[in-house]
Amino acid sequence: MNFKLKTLLLACASVASFAAVTQAHSQAPYPDKPISLVVPFAAGGPTDAVARMIAIPMSKSLGQTVLVENVVGAGGTIGVTKVARAAPNGYTILLHHMGMATAPALYRKLSFDPLKDFEYIGQVVDVPMTLLARKDFPANNFAELQTYLKANGNKVSLANAGLGAVSHLCGLLFMSQIGVELTTVPYKGTGPAMNDLLGGQVDLLCDQTTQTVPMIKENRVKVFGVTSSTRLATLPNVPTLAEQGLKGFDVKVWHGMYAPKGTPAPVLEKINVALRAAMQDPMVKQRLTDLSSDIPSSEKMTPAGLKTHLEAEIAKWGPVIKKAGVYAD
Ligand code: ASP
């Protein structure tokens, strides 16, 4: 056999064996490499905090590292779109909050469809919000706050995490209920927004207790109310916004975990088992309780539980947002 033919045969053999190894690798049991848990907001914010809390026990349960990846911008829609377009192999998953349900009403040109582009893993946590002001803001209770805002209007700045974020939604509801237009200042997440509130560069912020409870307890901000319908065990002296006259102000930020449409069912099942294990982890449970967050029931922590809730929330918030006449694009 001449040299050339032998070389050609050897080359074909090595390509075939490489293809076989690759094929075998792609059929290796999931997961056989790190998993990216996309958070569509900046590091340091409440969504990021929940993701980093559960990533550790999820990594243990899956036997592979779950890496939190902050993909920011456009009120979270850039990060959500990245996951919608990712390969459906279980190596790119999403942690997002009720913005998944408000985006279809807020964005006239949305780059994903929450009900068509995703598989559902389960609900994760429900988090109330708190209305805060910078430490030296010239109002010391809700009545003084309302008076000051009515007198100063858009001279007052209200931070949020971009159009479509829950801090934006809370701000919209607050402004429409007190009948005042403030100057909204968008950030890539309420992590950076909180930094500016603590630094006095911005006046007000409505944000989730997963970030705000420590700041309130350390007296680093002023707090005017909580958005839940009842007072919080960790902040018993902080009245609800509803009891201070903002009718129907009952907002708790629910969160869900998603994968790209087409992710195989056995992979989704493994991620769901890891999520459940994380939410039962004693450290996670204690931390979330200390931060006034509610762990959903077992049936809510299922694909059907998340999908049903998402459908109901899209139906609920659509008319509210359309009535407010607000669009993010
Ligand atoms: N959850 C966002 C964040 O973690 C904030 C928001 O949606 O308002 O930054």
# chains A, B, ... in the order shown; residues from 1 in each chain; ligands from 1
$ closest_atom_pairs --of "chain A" --to "ligand 1" --cutoff "8 Å" --atoms "only C-alpha atoms and all ligand atoms" --output "JSON lines"
{"residue": "A:Val39", "atom": "CA", "partner": "ligand 1", "partner_atom_place_in_ligand_line": "4 (O)", "distance": 7.9}
{"residue": "A:Pro40", "atom": "CA", "partner": "ligand 1", "partner_atom_place_in_ligand_line": "3 (C)", "distance": 7.7}
{"residue": "A:Phe41", "atom": "CA", "partner": "ligand 1", "partner_atom_place_in_ligand_line": "9 (O)", "distance": 4.7}
{"residue": "A:Ala42", "atom": "CA", "partner": "ligand 1", "partner_atom_place_in_ligand_line": "9 (O)", "distance": 5.8}
{"residue": "A:Ala43", "atom": "CA", "partner": "ligand 1", "partner_atom_place_in_ligand_line": "9 (O)", "distance": 7.6}
{"residue": "A:Gly44", "atom": "CA", "partner": "ligand 1", "partner_atom_place_in_ligand_line": "4 (O)", "distance": 7.4}
{"residue": "A:Gly45", "atom": "CA", "partner": "ligand 1", "partner_atom_place_in_ligand_line": "4 (O)", "distance": 4.0}
{"residue": "A:Pro46", "atom": "CA", "partner": "ligand 1", "partner_atom_place_in_ligand_line": "4 (O)", "distance": 4.1}
{"residue": "A:Thr47", "atom": "CA", "partner": "ligand 1", "partner_atom_place_in_ligand_line": "4 (O)", "distance": 3.8}
{"residue": "A:Asp48", "atom": "CA", "partner": "ligand 1", "partner_atom_place_in_ligand_line": "4 (O)", "distance": 5.6}
{"residue": "A:Ala49", "atom": "CA", "partner": "ligand 1", "partner_atom_place_in_ligand_line": "4 (O)", "distance": 7.6}
{"residue": "A:Gly75", "atom": "CA", "partner": "ligand 1", "partner_atom_place_in_ligand_line": "7 (O)", "distance": 7.1}
{"residue": "A:Gly76", "atom": "CA", "partner": "ligand 1", "partner_atom_place_in_ligand_line": "7 (O)", "distance": 7.4}
{"residue": "A:His96", "atom": "CA", "partner": "ligand 1", "partner_atom_place_in_ligand_line": "1 (N)", "distance": 7.8}
{"residue": "A:His97", "atom": "CA", "partner": "ligand 1", "partner_atom_place_in_ligand_line": "1 (N)", "distance": 6.8}
{"residue": "A:Gly99", "atom": "CA", "partner": "ligand 1", "partner_atom_place_in_ligand_line": "7 (O)", "distance": 7.0}
{"residue": "A:Asn160", "atom": "CA", "partner": "ligand 1", "partner_atom_place_in_ligand_line": "8 (O)", "distance": 5.8}
{"residue": "A:Ala161", "atom": "CA", "partner": "ligand 1", "partner_atom_place_in_ligand_line": "8 (O)", "distance": 4.7}
{"residue": "A:Gly162", "atom": "CA", "partner": "ligand 1", "partner_atom_place_in_ligand_line": "8 (O)", "distance": 7.3}
{"residue": "A:Gly164", "atom": "CA", "partner": "ligand 1", "partner_atom_place_in_ligand_line": "7 (O)", "distance": 7.3}
{"residue": "A:Ala165", "atom": "CA", "partner": "ligand 1", "partner_atom_place_in_ligand_line": "7 (O)", "distance": 3.6}
{"residue": "A:Val166", "atom": "CA", "partner": "ligand 1", "partner_atom_place_in_ligand_line": "8 (O)", "distance": 4.0}
{"residue": "A:Ser167", "atom": "CA", "partner": "ligand 1", "partner_atom_place_in_ligand_line": "8 (O)", "distance": 3.5}
{"residue": "A:His168", "atom": "CA", "partner": "ligand 1", "partner_atom_place_in_ligand_line": "8 (O)", "distance": 6.1}
{"residue": "A:Leu169", "atom": "CA", "partner": "ligand 1", "partner_atom_place_in_ligand_line": "8 (O)", "distance": 7.9}
{"residue": "A:Lys188", "atom": "CA", "partner": "ligand 1", "partner_atom_place_in_ligand_line": "9 (O)", "distance": 6.9}
{"residue": "A:Gly189", "atom": "CA", "partner": "ligand 1", "partner_atom_place_in_ligand_line": "9 (O)", "distance": 3.3}
{"residue": "A:Thr190", "atom": "CA", "partner": "ligand 1", "partner_atom_place_in_ligand_line": "9 (O)", "distance": 4.0}
{"residue": "A:Gly191", "atom": "CA", "partner": "ligand 1", "partner_atom_place_in_ligand_line": "9 (O)", "distance": 5.6}
{"residue": "A:Cys206", "atom": "CA", "partner": "ligand 1", "partner_atom_place_in_ligand_line": "8 (O)", "distance": 7.7}
{"residue": "A:Asp207", "atom": "CA", "partner": "ligand 1", "partner_atom_place_in_ligand_line": "8 (O)", "distance": 6.2}
{"residue": "A:Gln208", "atom": "CA", "partner": "ligand 1", "partner_atom_place_in_ligand_line": "1 (N)", "distance": 7.3}
$ select_by_dssp --residues "range 160-231 of chain A" --states "alpha helix (DSSP H)" --output "ChimeraX atom specification"
/A:166-178,190-199,209-217
$ residues_around --residues "range 237-254 of chain A" --least-positions-apart "5" --cutoff "8 Å" --atoms "only C-alpha atoms" --output "ChimeraX atom specification"
/A:97-98,123-129,142,166,170,173-174,177-178,208,223-232
$ atom_distance --atom1 "CA of Ile93 in chain A" --atom2 "CA of Pro319 in chain A"
29.2 Å
$ closest_atom_pairs --of "range 46-104 of chain A" --to "range 288-312 of chain A" --cutoff "10 Å" --atoms "only C-alpha atoms" --output "JSON lines"
{"residue": "A:Val50", "atom": "CA", "partner": "A:Leu288", "partner_atom": "CA", "distance": 8.3}
{"residue": "A:Met53", "atom": "CA", "partner": "A:Leu288", "partner_atom": "CA", "distance": 9.0}
{"residue": "A:Met98", "atom": "CA", "partner": "A:Leu310", "partner_atom": "CA", "distance": 8.0}
{"residue": "A:Met100", "atom": "CA", "partner": "A:Leu310", "partner_atom": "CA", "distance": 7.6}
{"residue": "A:Ala101", "atom": "CA", "partner": "A:Leu310", "partner_atom": "CA", "distance": 6.1}
{"residue": "A:Thr102", "atom": "CA", "partner": "A:Leu310", "partner_atom": "CA", "distance": 9.7}
$ write_last_selection --atoms "all heavy atoms" --output "PDB file, in the first residue's frame"
ATOM      1  N   VAL A  50     -30.621  36.060  45.036  1.00  0.00           N
ATOM      2  CA  VAL A  50     -31.320  34.758  45.086  1.00  0.00           C
ATOM      3  C   VAL A  50     -30.552  33.729  44.263  1.00  0.00           C
ATOM      4  O   VAL A  50     -30.307  32.603  44.703  1.00  0.00           O
ATOM      5  CB  VAL A  50     -32.772  34.905  44.560  1.00  0.00           C
ATOM      6  CG1 VAL A  50     -33.450  33.542  44.435  1.00  0.00           C
ATOM      7  CG2 VAL A  50     -33.581  35.818  45.484  1.00  0.00           C
ATOM      8  N   MET A  53     -27.515  32.510  46.028  1.00  0.00           N
ATOM      9  CA  MET A  53     -27.879  31.710  47.205  1.00  0.00           C
ATOM     10  C   MET A  53     -28.160  30.263  46.792  1.00  0.00           C
ATOM     11  O   MET A  53     -27.717  29.325  47.418  1.00  0.00           O
ATOM     12  CB  MET A  53     -29.153  32.307  47.813  1.00  0.00           C
ATOM     13  CG  MET A  53     -29.127  32.659  49.251  1.00  0.00           C
ATOM     14  SD  MET A  53     -30.763  33.223  49.746  1.00  0.00           S
ATOM     15  CE  MET A  53     -30.633  34.960  49.406  1.00  0.00           C
ATOM     16  N   MET A  98     -41.265  38.436  38.015  1.00  0.00           N
ATOM     17  CA  MET A  98     -42.564  38.655  37.358  1.00  0.00           C
ATOM     18  C   MET A  98     -42.453  39.558  36.136  1.00  0.00           C
ATOM     19  O   MET A  98     -43.416  39.703  35.385  1.00  0.00           O
ATOM     20  CB  MET A  98     -43.561  39.244  38.348  1.00  0.00           C
ATOM     21  CG  MET A  98     -43.105  40.541  38.958  1.00  0.00           C
ATOM     22  SD  MET A  98     -44.168  41.009  40.312  1.00  0.00           S
ATOM     23  CE  MET A  98     -45.505  41.765  39.405  1.00  0.00           C
ATOM     24  N   MET A 100     -41.236  38.641  33.617  1.00  0.00           N
ATOM     25  CA  MET A 100     -41.552  37.712  32.510  1.00  0.00           C
ATOM     26  C   MET A 100     -43.011  37.875  32.106  1.00  0.00           C
ATOM     27  O   MET A 100     -43.390  37.665  30.963  1.00  0.00           O
ATOM     28  CB  MET A 100     -41.303  36.273  32.992  1.00  0.00           C
ATOM     29  CG  MET A 100     -41.133  35.263  31.906  1.00  0.00           C
ATOM     30  SD  MET A 100     -39.579  35.486  31.008  1.00  0.00           S
ATOM     31  CE  MET A 100     -39.246  33.803  30.551  1.00  0.00           C
ATOM     32  N   ALA A 101     -43.850  38.284  33.074  1.00  0.00           N
ATOM     33  CA  ALA A 101     -45.292  38.406  32.799  1.00  0.00           C
ATOM     34  C   ALA A 101     -45.675  39.817  32.377  1.00  0.00           C
ATOM     35  O   ALA A 101     -46.682  40.014  31.694  1.00  0.00           O
ATOM     36  CB  ALA A 101     -46.091  38.025  34.053  1.00  0.00           C
ATOM     37  N   THR A 102     -44.884  40.812  32.786  1.00  0.00           N
ATOM     38  CA  THR A 102     -45.252  42.206  32.445  1.00  0.00           C
ATOM     39  C   THR A 102     -44.658  42.639  31.111  1.00  0.00           C
ATOM     40  O   THR A 102     -45.207  43.507  30.436  1.00  0.00           O
ATOM     41  CB  THR A 102     -44.746  43.179  33.535  1.00  0.00           C
ATOM     42  OG1 THR A 102     -43.328  43.006  33.677  1.00  0.00           O
ATOM     43  CG2 THR A 102     -45.435  42.927  34.869  1.00  0.00           C
TER      44      THR A 102
END
$ select_by_dssp --residues "range 109-325 of chain A" --states "strand (DSSP E or B)" --output "PDB file with N, CA, C and O atoms, in the first residue's frame"
ATOM      1  N   PHE A 118     -39.879  29.013  25.955  1.00  0.00           N
ATOM      2  CA  PHE A 118     -39.220  28.467  27.155  1.00  0.00           C
ATOM      3  C   PHE A 118     -39.851  27.155  27.602  1.00  0.00           C
ATOM      4  O   PHE A 118     -41.023  26.885  27.335  1.00  0.00           O
ATOM      5  N   GLU A 119     -39.026  26.373  28.302  1.00  0.00           N
ATOM      6  CA  GLU A 119     -39.542  25.274  29.108  1.00  0.00           C
ATOM      7  C   GLU A 119     -39.572  25.793  30.555  1.00  0.00           C
ATOM      8  O   GLU A 119     -38.782  26.675  30.910  1.00  0.00           O
ATOM      9  N   TYR A 120     -40.437  25.255  31.352  1.00  0.00           N
ATOM     10  CA  TYR A 120     -40.653  25.782  32.716  1.00  0.00           C
ATOM     11  C   TYR A 120     -40.090  24.784  33.732  1.00  0.00           C
ATOM     12  O   TYR A 120     -40.329  23.578  33.617  1.00  0.00           O
ATOM     13  N   ILE A 121     -39.305  25.301  34.683  1.00  0.00           N
ATOM     14  CA  ILE A 121     -38.703  24.399  35.676  1.00  0.00           C
ATOM     15  C   ILE A 121     -39.461  24.481  37.004  1.00  0.00           C
ATOM     16  O   ILE A 121     -39.834  23.479  37.596  1.00  0.00           O
ATOM     17  N   GLY A 122     -39.754  25.698  37.442  1.00  0.00           N
ATOM     18  CA  GLY A 122     -40.548  25.832  38.675  1.00  0.00           C
ATOM     19  C   GLY A 122     -40.449  27.242  39.253  1.00  0.00           C
ATOM     20  O   GLY A 122     -39.540  28.000  38.910  1.00  0.00           O
ATOM     21  N   GLN A 123     -41.420  27.575  40.137  1.00  0.00           N
ATOM     22  CA  GLN A 123     -41.355  28.859  40.835  1.00  0.00           C
ATOM     23  C   GLN A 123     -40.251  28.774  41.889  1.00  0.00           C
ATOM     24  O   GLN A 123     -39.925  27.702  42.377  1.00  0.00           O
ATOM     25  N   VAL A 124     -39.690  29.929  42.233  1.00  0.00           N
ATOM     26  CA  VAL A 124     -38.508  29.910  43.113  1.00  0.00           C
ATOM     27  C   VAL A 124     -38.781  30.614  44.443  1.00  0.00           C
ATOM     28  O   VAL A 124     -38.619  30.021  45.507  1.00  0.00           O
ATOM     29  N   VAL A 125     -39.158  31.884  44.412  1.00  0.00           N
ATOM     30  CA  VAL A 125     -39.345  32.613  45.679  1.00  0.00           C
ATOM     31  C   VAL A 125     -40.234  33.841  45.433  1.00  0.00           C
ATOM     32  O   VAL A 125     -40.258  34.370  44.323  1.00  0.00           O
ATOM     33  N   ASP A 126     -41.001  34.221  46.463  1.00  0.00           N
ATOM     34  CA  ASP A 126     -41.847  35.433  46.369  1.00  0.00           C
ATOM     35  C   ASP A 126     -41.264  36.484  47.316  1.00  0.00           C
ATOM     36  O   ASP A 126     -41.085  36.203  48.509  1.00  0.00           O
ATOM     37  N   VAL A 127     -41.006  37.673  46.781  1.00  0.00           N
ATOM     38  CA  VAL A 127     -40.275  38.683  47.561  1.00  0.00           C
ATOM     39  C   VAL A 127     -41.050  39.997  47.589  1.00  0.00           C
ATOM     40  O   VAL A 127     -41.333  40.571  46.543  1.00  0.00           O
ATOM     41  N   PRO A 128     -41.401  40.503  48.789  1.00  0.00           N
ATOM     42  CA  PRO A 128     -42.073  41.800  48.855  1.00  0.00           C
ATOM     43  C   PRO A 128     -41.086  42.936  48.557  1.00  0.00           C
ATOM     44  O   PRO A 128     -39.878  42.725  48.520  1.00  0.00           O
ATOM     45  N   MET A 129     -41.646  44.134  48.366  1.00  0.00           N
ATOM     46  CA  MET A 129     -40.783  45.283  48.084  1.00  0.00           C
ATOM     47  C   MET A 129     -40.971  46.342  49.163  1.00  0.00           C
ATOM     48  O   MET A 129     -41.950  46.329  49.913  1.00  0.00           O
ATOM     49  N   THR A 130     -40.016  47.247  49.223  1.00  0.00           N
ATOM     50  CA  THR A 130     -40.074  48.338  50.217  1.00  0.00           C
ATOM     51  C   THR A 130     -39.825  49.654  49.485  1.00  0.00           C
ATOM     52  O   THR A 130     -38.995  49.728  48.577  1.00  0.00           O
ATOM     53  N   LEU A 131     -40.541  50.695  49.912  1.00  0.00           N
ATOM     54  CA  LEU A 131     -40.336  52.021  49.334  1.00  0.00           C
ATOM     55  C   LEU A 131     -39.337  52.777  50.220  1.00  0.00           C
ATOM     56  O   LEU A 131     -39.581  52.978  51.413  1.00  0.00           O
ATOM     57  N   LEU A 132     -38.193  53.126  49.610  1.00  0.00           N
ATOM     58  CA  LEU A 132     -37.086  53.717  50.363  1.00  0.00           C
ATOM     59  C   LEU A 132     -36.762  55.127  49.876  1.00  0.00           C
ATOM     60  O   LEU A 132     -37.074  55.489  48.749  1.00  0.00           O
ATOM     61  N   ALA A 133     -36.098  55.882  50.764  1.00  0.00           N
ATOM     62  CA  ALA A 133     -35.512  57.172  50.361  1.00  0.00           C
ATOM     63  C   ALA A 133     -34.082  57.219  50.891  1.00  0.00           C
ATOM     64  O   ALA A 133     -33.724  56.480  51.824  1.00  0.00           O
ATOM     65  N   ARG A 134     -33.288  58.084  50.297  1.00  0.00           N
ATOM     66  CA  ARG A 134     -31.927  58.263  50.796  1.00  0.00           C
ATOM     67  C   ARG A 134     -32.022  58.788  52.247  1.00  0.00           C
ATOM     68  O   ARG A 134     -33.035  59.396  52.637  1.00  0.00           O
ATOM     69  N   SER A 157     -36.027  62.363  42.238  1.00  0.00           N
ATOM     70  CA  SER A 157     -35.622  61.253  41.349  1.00  0.00           C
ATOM     71  C   SER A 157     -36.009  59.919  41.972  1.00  0.00           C
ATOM     72  O   SER A 157     -35.901  59.705  43.177  1.00  0.00           O
ATOM     73  N   LEU A 158     -36.477  59.013  41.096  1.00  0.00           N
ATOM     74  CA  LEU A 158     -36.916  57.678  41.508  1.00  0.00           C
ATOM     75  C   LEU A 158     -36.137  56.665  40.675  1.00  0.00           C
ATOM     76  O   LEU A 158     -36.276  56.619  39.446  1.00  0.00           O
ATOM     77  N   ALA A 159     -35.279  55.902  41.348  1.00  0.00           N
ATOM     78  CA  ALA A 159     -34.424  54.937  40.631  1.00  0.00           C
ATOM     79  C   ALA A 159     -35.208  53.670  40.298  1.00  0.00           C
ATOM     80  O   ALA A 159     -36.174  53.319  40.986  1.00  0.00           O
ATOM     81  N   ASN A 160     -34.819  53.008  39.196  1.00  0.00           N
ATOM     82  CA  ASN A 160     -35.349  51.662  38.929  1.00  0.00           C
ATOM     83  C   ASN A 160     -34.320  50.867  38.131  1.00  0.00           C
ATOM     84  O   ASN A 160     -33.262  51.383  37.786  1.00  0.00           O
ATOM     85  N   THR A 183     -39.041  62.045  38.440  1.00  0.00           N
ATOM     86  CA  THR A 183     -38.033  61.791  37.399  1.00  0.00           C
ATOM     87  C   THR A 183     -37.447  60.403  37.629  1.00  0.00           C
ATOM     88  O   THR A 183     -36.792  60.174  38.654  1.00  0.00           O
ATOM     89  N   THR A 184     -37.711  59.486  36.682  1.00  0.00           N
ATOM     90  CA  THR A 184     -37.207  58.120  36.897  1.00  0.00           C
ATOM     91  C   THR A 184     -35.788  58.009  36.340  1.00  0.00           C
ATOM     92  O   THR A 184     -35.461  58.555  35.290  1.00  0.00           O
ATOM     93  N   VAL A 185     -34.945  57.287  37.060  1.00  0.00           N
ATOM     94  CA  VAL A 185     -33.537  57.095  36.695  1.00  0.00           C
ATOM     95  C   VAL A 185     -33.277  55.601  36.554  1.00  0.00           C
ATOM     96  O   VAL A 185     -33.269  54.873  37.541  1.00  0.00           O
ATOM     97  N   PRO A 186     -33.107  55.103  35.293  1.00  0.00           N
ATOM     98  CA  PRO A 186     -32.918  53.656  35.096  1.00  0.00           C
ATOM     99  C   PRO A 186     -31.475  53.216  35.318  1.00  0.00           C
ATOM    100  O   PRO A 186     -30.532  53.923  34.954  1.00  0.00           O
ATOM    101  N   LEU A 204     -35.278  58.263  45.648  1.00  0.00           N
ATOM    102  CA  LEU A 204     -36.189  57.178  46.060  1.00  0.00           C
ATOM    103  C   LEU A 204     -35.884  55.902  45.284  1.00  0.00           C
ATOM    104  O   LEU A 204     -35.353  55.949  44.162  1.00  0.00           O
ATOM    105  N   LEU A 205     -36.280  54.777  45.874  1.00  0.00           N
ATOM    106  CA  LEU A 205     -36.127  53.473  45.209  1.00  0.00           C
ATOM    107  C   LEU A 205     -37.138  52.516  45.816  1.00  0.00           C
ATOM    108  O   LEU A 205     -37.290  52.459  47.040  1.00  0.00           O
ATOM    109  N   CYS A 206     -37.842  51.792  44.939  1.00  0.00           N
ATOM    110  CA  CYS A 206     -38.730  50.718  45.416  1.00  0.00           C
ATOM    111  C   CYS A 206     -38.039  49.408  45.078  1.00  0.00           C
ATOM    112  O   CYS A 206     -37.815  49.120  43.895  1.00  0.00           O
ATOM    113  N   ASP A 207     -37.617  48.648  46.088  1.00  0.00           N
ATOM    114  CA  ASP A 207     -36.824  47.446  45.794  1.00  0.00           C
ATOM    115  C   ASP A 207     -37.183  46.307  46.729  1.00  0.00           C
ATOM    116  O   ASP A 207     -37.826  46.486  47.758  1.00  0.00           O
ATOM    117  N   GLN A 208     -36.725  45.133  46.352  1.00  0.00           N
ATOM    118  CA  GLN A 208     -37.109  43.900  47.028  1.00  0.00           C
ATOM    119  C   GLN A 208     -36.367  43.693  48.345  1.00  0.00           C
ATOM    120  O   GLN A 208     -35.208  44.080  48.477  1.00  0.00           O
ATOM    121  N   VAL A 221     -30.931  53.799  55.182  1.00  0.00           N
ATOM    122  CA  VAL A 221     -31.923  54.413  54.288  1.00  0.00           C
ATOM    123  C   VAL A 221     -33.161  54.746  55.118  1.00  0.00           C
ATOM    124  O   VAL A 221     -33.293  54.309  56.267  1.00  0.00           O
ATOM    125  N   LYS A 222     -34.085  55.535  54.517  1.00  0.00           N
ATOM    126  CA  LYS A 222     -35.384  55.751  55.154  1.00  0.00           C
ATOM    127  C   LYS A 222     -36.381  54.816  54.475  1.00  0.00           C
ATOM    128  O   LYS A 222     -36.305  54.609  53.262  1.00  0.00           O
ATOM    129  N   VAL A 223     -37.286  54.212  55.240  1.00  0.00           N
ATOM    130  CA  VAL A 223     -38.283  53.316  54.651  1.00  0.00           C
ATOM    131  C   VAL A 223     -39.675  53.859  54.940  1.00  0.00           C
ATOM    132  O   VAL A 223     -39.972  54.287  56.065  1.00  0.00           O
ATOM    133  N   PHE A 224     -40.545  53.876  53.905  1.00  0.00           N
ATOM    134  CA  PHE A 224     -41.878  54.464  54.049  1.00  0.00           C
ATOM    135  C   PHE A 224     -42.997  53.427  53.976  1.00  0.00           C
ATOM    136  O   PHE A 224     -44.156  53.745  54.244  1.00  0.00           O
ATOM    137  N   GLY A 225     -42.679  52.225  53.583  1.00  0.00           N
ATOM    138  CA  GLY A 225     -43.736  51.217  53.547  1.00  0.00           C
ATOM    139  C   GLY A 225     -43.288  49.968  52.810  1.00  0.00           C
ATOM    140  O   GLY A 225     -42.282  49.963  52.100  1.00  0.00           O
ATOM    141  N   VAL A 226     -44.083  48.912  53.021  1.00  0.00           N
ATOM    142  CA  VAL A 226     -43.847  47.646  52.297  1.00  0.00           C
ATOM    143  C   VAL A 226     -45.004  47.427  51.329  1.00  0.00           C
ATOM    144  O   VAL A 226     -46.135  47.889  51.576  1.00  0.00           O
ATOM    145  N   LEU A 232     -44.451  42.789  57.478  1.00  0.00           N
ATOM    146  CA  LEU A 232     -43.456  41.719  57.411  1.00  0.00           C
ATOM    147  C   LEU A 232     -42.904  41.409  58.791  1.00  0.00           C
ATOM    148  O   LEU A 232     -42.601  42.334  59.565  1.00  0.00           O
ATOM    149  N   LEU A 235     -39.835  43.215  59.584  1.00  0.00           N
ATOM    150  CA  LEU A 235     -39.925  44.689  59.664  1.00  0.00           C
ATOM    151  C   LEU A 235     -41.277  45.065  60.261  1.00  0.00           C
ATOM    152  O   LEU A 235     -42.084  45.772  59.637  1.00  0.00           O
ATOM    153  N   THR A 240     -47.644  48.833  55.878  1.00  0.00           N
ATOM    154  CA  THR A 240     -47.813  48.543  54.437  1.00  0.00           C
ATOM    155  C   THR A 240     -48.227  49.840  53.740  1.00  0.00           C
ATOM    156  O   THR A 240     -48.776  50.761  54.380  1.00  0.00           O
ATOM    157  N   LYS A 252     -46.027  41.278  45.494  1.00  0.00           N
ATOM    158  CA  LYS A 252     -44.901  40.442  45.901  1.00  0.00           C
ATOM    159  C   LYS A 252     -44.263  39.955  44.616  1.00  0.00           C
ATOM    160  O   LYS A 252     -44.954  39.549  43.687  1.00  0.00           O
ATOM    161  N   VAL A 253     -42.954  40.035  44.539  1.00  0.00           N
ATOM    162  CA  VAL A 253     -42.252  39.701  43.304  1.00  0.00           C
ATOM    163  C   VAL A 253     -41.988  38.193  43.268  1.00  0.00           C
ATOM    164  O   VAL A 253     -41.153  37.678  43.996  1.00  0.00           O
ATOM    165  N   TRP A 254     -42.728  37.499  42.400  1.00  0.00           N
ATOM    166  CA  TRP A 254     -42.490  36.058  42.284  1.00  0.00           C
ATOM    167  C   TRP A 254     -41.363  35.817  41.279  1.00  0.00           C
ATOM    168  O   TRP A 254     -41.100  36.642  40.402  1.00  0.00           O
ATOM    169  N   HIS A 255     -40.673  34.721  41.418  1.00  0.00           N
ATOM    170  CA  HIS A 255     -39.540  34.377  40.545  1.00  0.00           C
ATOM    171  C   HIS A 255     -39.753  32.972  39.984  1.00  0.00           C
ATOM    172  O   HIS A 255     -40.363  32.115  40.621  1.00  0.00           O
ATOM    173  N   GLY A 256     -39.216  32.762  38.753  1.00  0.00           N
ATOM    174  CA  GLY A 256     -39.294  31.429  38.143  1.00  0.00           C
ATOM    175  C   GLY A 256     -37.971  31.049  37.517  1.00  0.00           C
ATOM    176  O   GLY A 256     -37.126  31.914  37.237  1.00  0.00           O
ATOM    177  N   MET A 257     -37.803  29.737  37.308  1.00  0.00           N
ATOM    178  CA  MET A 257     -36.609  29.235  36.619  1.00  0.00           C
ATOM    179  C   MET A 257     -37.045  28.610  35.289  1.00  0.00           C
ATOM    180  O   MET A 257     -38.036  27.870  35.248  1.00  0.00           O
ATOM    181  N   TYR A 258     -36.307  28.948  34.229  1.00  0.00           N
ATOM    182  CA  TYR A 258     -36.704  28.569  32.872  1.00  0.00           C
ATOM    183  C   TYR A 258     -35.509  27.967  32.119  1.00  0.00           C
ATOM    184  O   TYR A 258     -34.351  28.210  32.465  1.00  0.00           O
ATOM    185  N   ALA A 259     -35.819  27.244  31.048  1.00  0.00           N
ATOM    186  CA  ALA A 259     -34.798  26.747  30.119  1.00  0.00           C
ATOM    187  C   ALA A 259     -35.314  27.013  28.698  1.00  0.00           C
ATOM    188  O   ALA A 259     -36.511  27.228  28.513  1.00  0.00           O
ATOM    189  N   PRO A 260     -34.418  27.000  27.705  1.00  0.00           N
ATOM    190  CA  PRO A 260     -34.874  27.247  26.332  1.00  0.00           C
ATOM    191  C   PRO A 260     -35.842  26.157  25.878  1.00  0.00           C
ATOM    192  O   PRO A 260     -35.722  24.993  26.282  1.00  0.00           O
ATOM    193  N   ASP A 294     -40.842  34.441  50.684  1.00  0.00           N
ATOM    194  CA  ASP A 294     -41.631  33.210  50.881  1.00  0.00           C
ATOM    195  C   ASP A 294     -41.191  32.131  49.898  1.00  0.00           C
ATOM    196  O   ASP A 294     -41.119  32.390  48.689  1.00  0.00           O
TER     197      ASP A 294
END
$ atom_distance --atom1 "CA of Ala51 in chain A" --atom2 "CA of Leu67 in chain A"
9.2 Å
$ residues_around --residues "Lys60 in chain A" --least-positions-apart "3" --cutoff "12 Å" --atoms "only C-alpha atoms" --output "PyMOL selection string"
chain A and resi 31+34+54-57+63-66+271+273-275+277-278+281
$ closest_residue --among "A:Asn272, A:Thr210, A:Thr263, A:Gln286" --to "Pro88 in chain A" --atoms "only C-alpha atoms"
A:Thr263
$ atom_distance --atom1 "CA of Leu94 in chain A" --atom2 "CA of Leu163 in chain A"
19.0 Å
